[in-house]
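Peer 1: Could you have a look at this structure, given as structure tokens, before my questions?
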Amino acid sequence: MKLPKLDDLADEQMVVYEHDPEESLFVVGPPGSGKTSLAVLRAKFLRELDKKLVLVTRNKMLAALAGQLDGEALVAKTMSAFIAKTYYDRFARNVPELSPYVYDWDTIIGDFAAAEVVPTLEHLVIDEGQNLPAGFFRWAVRFGAQTLTIFADEDQTTDSLRASLQDIFDAGMPVPIRLQANHRNTAEIAAVAEHFHRSQVLPPGIVQRRRGGEIPRLVQPRSWEELVALVATRFQNRAQAIGVIVYRRDDVLQVQEKLVGALPPGTRIDAYVNGGKGAAEDIRLLDTGITVLSSESVIGLEFHAVYLQDLDRSLPCNSTEAFRRMYMLCARARDNLTLVDGPFALSASQIADLPGPALLAR
């Protein structure tokens, strides 16, 4: 993933970039519509106007990517880090929580209101807003910053403490601008992702790329070693940014270890597990190499090729959340998408919920 040049922005994207810096902005759009790139470009534009701002998102990996896209100059934080510091700086005590990382927004808003706080931060740019709680937006509009730019897609939400587009609008944001094009996925990958699109909130993006020649496929490795061999072969044949998405933390680390053993020394093979060793900002997502991570950490990211092993908990798709997770995960791939049935075999009913052979090669 790289930040597009201004000359490369589509007309609908330029409307977002050039929006009045003194007005709040609400942008919605499907996977591949450029929301994260626009969030960073919007932040750069505002910073060039000497605006004091922070970019806020849900997870550390996306915050790290935003900083890397801007050459490390952008202040990008997770929502948890941002609210914890903002509250402590104001009241010299920890932010109220109902449970760890579940914040008591009514109390937080009441404390800021009682203190008659006027925000000094000029602008808050929020990416992947659908994965932040509704209470955060009620607080942010009043006390977080003087103006806000929010990017969201309700159809990609993966968090139980999510906000709907209506929640964000009701917090005091303007009517959203809708991005309509998908600039990321090949037509073949978009078709697989759209198989899981069930929402009436936003339609899938209009695919801008031609057919890529690589049909997404389902593979059935019976061991981690077999999966690692597939990934290593792909990387050796086509040195690209590859994402390997697995479920369990131990599996993330195991796959990384096996890839290190399978590829030449010096190959970038990073792994990220929330709360584990290593910092998200140390993972060079823009460089050629392999990143092993969980579904929760991949939100907002993209890779040339994706190996999606975290299928078991979503298939068969018996809930809106499961459909949304699969839709979001499949859309992470630009050029090549491989769904992984293994090393623990999916059931017949789970396999039946996948696209047919015309879309997903076996």
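Residues are named by chain letter and number: chains run A, B, ... in the order of the structure tokens, numbers start at 1 in each chain, and ligands are numbered from 1 in the order shown.
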Run DSSP on the backbone of this structure and report the residues of stretch 162-362 of chain A it assigns to alpha helix (DSSP H), as a ChimeraX atom specification.
Peer 2: /A:165-170,187-194,224-237,249-262,320-330,348-352
Peer 1: Pick from A:Ile150, A:Val244, A:Thr36, A:Gly135: nearest to A:Asp167, with only C-alpha atoms counted?
Peer 2: A:Gly135
Peer 1: Measure the distance from atom CA of A:Ala358 to atom CA of A:Ile215 in Å and round it to one decimal.
Peer 2: 8.9 Å
Peer 1: Which residues are near A:Val292? Cut-off 7 Å, only C-alpha atoms, ignore same chain within fewer than 2 positions. Put them as a compact mmCIF listing (two decimals) with N, CA, C and O atoms, in the first residue's frame.
Peer 2:
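Final file, out_10.txt:
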```txt
# COMPACT_ATOMS: atom_id res chain seq x y z
N GLY A 243 0.16 -10.88 3.32
CA GLY A 243 -0.46 -10.97 4.64
C GLY A 243 -0.96 -12.37 4.88
O GLY A 243 -1.63 -12.96 4.03
N VAL A 244 -0.62 -12.93 6.03
CA VAL A 244 -1.11 -14.25 6.45
C VAL A 244 -1.99 -14.02 7.68
O VAL A 244 -1.50 -13.57 8.72
N ILE A 245 -3.27 -14.29 7.54
CA ILE A 245 -4.24 -13.96 8.59
C ILE A 245 -4.69 -15.26 9.28
O ILE A 245 -5.31 -16.13 8.65
N VAL A 252 -0.10 -17.32 15.23
CA VAL A 252 0.62 -16.21 14.61
C VAL A 252 2.12 -16.39 14.80
O VAL A 252 2.91 -16.31 13.84
N GLN A 256 5.08 -17.48 11.97
CA GLN A 256 6.25 -16.62 11.77
C GLN A 256 7.55 -17.41 11.93
O GLN A 256 8.46 -17.31 11.11
N ASP A 270 7.38 -10.42 9.68
CA ASP A 270 6.90 -9.81 10.91
C ASP A 270 5.65 -10.51 11.41
O ASP A 270 4.90 -11.10 10.63
N ALA A 271 5.45 -10.43 12.70
CA ALA A 271 4.23 -10.95 13.31
C ALA A 271 3.75 -9.94 14.33
O ALA A 271 4.55 -9.30 15.02
N TYR A 272 2.44 -9.81 14.42
CA TYR A 272 1.89 -8.92 15.44
C TYR A 272 0.73 -9.60 16.16
O TYR A 272 -0.20 -10.11 15.53
N ILE A 290 6.59 -10.35 4.52
CA ILE A 290 5.43 -11.11 4.98
C ILE A 290 5.04 -10.63 6.37
O ILE A 290 5.90 -10.48 7.25
```
Peer 1: Within 10 Å of A:Asn131, counting only C-alpha atoms, which residues qualify if same-chain residues fewer than 5 places away don't, as a PyMOL selection string?
Peer 2: chain A and resi 57-59+152-154+156-164+299
Peer 1: Using only N, CA, C and O atoms, please write the residues we just selected to a file, as an mmCIF file, in the first residue's frame.
Peer 2:
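Output below, filename out.cif:
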```
data_model
loop_
_atom_site.group_PDB
_atom_site.id
_atom_site.type_symbol
_atom_site.label_atom_id
_atom_site.label_comp_id
_atom_site.auth_asym_id
_atom_site.auth_seq_id
_atom_site.Cartn_x
_atom_site.Cartn_y
_atom_site.Cartn_z
ATOM 1 N N THR A 57 -7.718 5.832 15.444
ATOM 2 C CA THR A 57 -8.344 4.650 14.882
ATOM 3 C C THR A 57 -8.447 3.571 15.952
ATOM 4 O O THR A 57 -8.073 3.790 17.105
ATOM 5 N N ARG A 58 -8.932 2.391 15.551
ATOM 6 C CA ARG A 58 -9.242 1.347 16.534
ATOM 7 C C ARG A 58 -8.016 0.565 16.978
ATOM 8 O O ARG A 58 -7.829 0.319 18.159
ATOM 9 N N ASN A 59 -7.178 0.135 16.020
ATOM 10 C CA ASN A 59 -6.103 -0.772 16.413
ATOM 11 C C ASN A 59 -4.721 -0.194 16.136
ATOM 12 O O ASN A 59 -4.553 0.736 15.349
ATOM 13 N N ALA A 152 -15.803 5.878 7.673
ATOM 14 C CA ALA A 152 -16.416 4.676 8.232
ATOM 15 C C ALA A 152 -17.111 3.865 7.151
ATOM 16 O O ALA A 152 -17.464 4.374 6.085
ATOM 17 N N ASP A 153 -17.291 2.583 7.454
ATOM 18 C CA ASP A 153 -18.088 1.666 6.624
ATOM 19 C C ASP A 153 -18.703 0.638 7.556
ATOM 20 O O ASP A 153 -18.025 -0.276 8.021
ATOM 21 N N GLU A 154 -19.975 0.799 7.840
ATOM 22 C CA GLU A 154 -20.668 -0.079 8.785
ATOM 23 C C GLU A 154 -20.601 -1.543 8.360
ATOM 24 O O GLU A 154 -20.630 -2.449 9.207
ATOM 25 N N GLN A 156 -18.161 -3.197 7.376
ATOM 26 C CA GLN A 156 -16.891 -3.826 7.700
ATOM 27 C C GLN A 156 -16.644 -3.890 9.204
ATOM 28 O O GLN A 156 -15.548 -4.220 9.637
ATOM 29 N N THR A 157 -17.633 -3.600 9.994
ATOM 30 C CA THR A 157 -17.417 -3.573 11.430
ATOM 31 C C THR A 157 -17.148 -4.964 11.979
ATOM 32 O O THR A 157 -17.758 -5.955 11.558
ATOM 33 N N THR A 158 -16.210 -5.065 12.907
ATOM 34 C CA THR A 158 -15.855 -6.342 13.521
ATOM 35 C C THR A 158 -15.889 -6.274 15.037
ATOM 36 O O THR A 158 -15.588 -7.263 15.700
ATOM 37 N N ASP A 159 -16.223 -5.142 15.588
ATOM 38 C CA ASP A 159 -16.143 -4.957 17.038
ATOM 39 C C ASP A 159 -17.541 -4.940 17.643
ATOM 40 O O ASP A 159 -18.456 -4.305 17.115
ATOM 41 N N SER A 160 -17.694 -5.628 18.779
ATOM 42 C CA SER A 160 -19.005 -5.671 19.431
ATOM 43 C C SER A 160 -19.411 -4.302 19.966
ATOM 44 O O SER A 160 -20.594 -4.023 20.151
ATOM 45 N N LEU A 161 -18.434 -3.447 20.249
ATOM 46 C CA LEU A 161 -18.717 -2.099 20.743
ATOM 47 C C LEU A 161 -18.702 -1.093 19.592
ATOM 48 O O LEU A 161 -18.162 -0.005 19.693
ATOM 49 N N ARG A 162 -19.303 -1.453 18.518
ATOM 50 C CA ARG A 162 -19.243 -0.661 17.287
ATOM 51 C C ARG A 162 -20.266 0.477 17.290
ATOM 52 O O ARG A 162 -21.181 0.525 18.103
ATOM 53 N N ALA A 163 -20.078 1.357 16.303
ATOM 54 C CA ALA A 163 -21.038 2.430 16.061
ATOM 55 C C ALA A 163 -21.620 2.253 14.664
ATOM 56 O O ALA A 163 -20.908 1.917 13.721
ATOM 57 N N SER A 164 -22.890 2.474 14.531
ATOM 58 C CA SER A 164 -23.508 2.481 13.202
ATOM 59 C C SER A 164 -23.278 3.854 12.574
ATOM 60 O O SER A 164 -22.920 4.826 13.246
ATOM 61 N N ILE A 299 -7.641 -4.940 10.148
ATOM 62 C CA ILE A 299 -8.644 -3.960 9.734
ATOM 63 C C ILE A 299 -7.969 -2.724 9.146
ATOM 64 O O ILE A 299 -7.074 -2.135 9.742
#
```
Peer 1: With distances taken over only C-alpha atoms, which of A:Ile269, A:Val219, A:Val117, A:Ala64 is nearest to A:Leu301?
Peer 2: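 Residue with the minimum atom-to-atom distance to A:Leu301: A:Ala64.
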Peer 1: In stretch 203-285 of chain A, what's strand (DSSP E or B) per DSSP? Answer as a PyMOL selection string?
Peer 2: chain A and resi 206-207+217-219+241-246+269-272
Peer 1: Identify, on the basis of only C-alpha atoms, every residue whose closest approach to stretch 346-350 of chain A does not exceed 10 Å; exclude the query and any residue fewer than 6 positions from it along the same chain; express the result as a PyMOL selection string.
Peer 2: chain A and resi 220+311-317+340
Peer 1: My list of candidates is A:Ala140, A:Val298, A:Ala134, A:Leu285. Which is closest to A:Ser24 when distances are computed with only C-alpha atoms?
Peer 2: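 So, comparing all the options, the nearest one is A:Ala140.
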Peer 1: Which of these, A:Ala232, A:Leu121, A:Leu148, A:Ile189, has the shortest distance to A:Arg268 once you count only C-alpha atoms?
Peer 2: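 Using only C-alpha atoms, A:Arg268 sits closest to A:Ala232.
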Peer 1: So, with only C-alpha atoms as the atoms that count, which of A:Leu3, A:Ile126, A:Cys330, A:Ala181 lies closest to A:Phe151?
Peer 2: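 Ranking A:Leu3, A:Ile126, A:Cys330, A:Ala181 by distance to A:Phe151, first place goes to A:Ile126.
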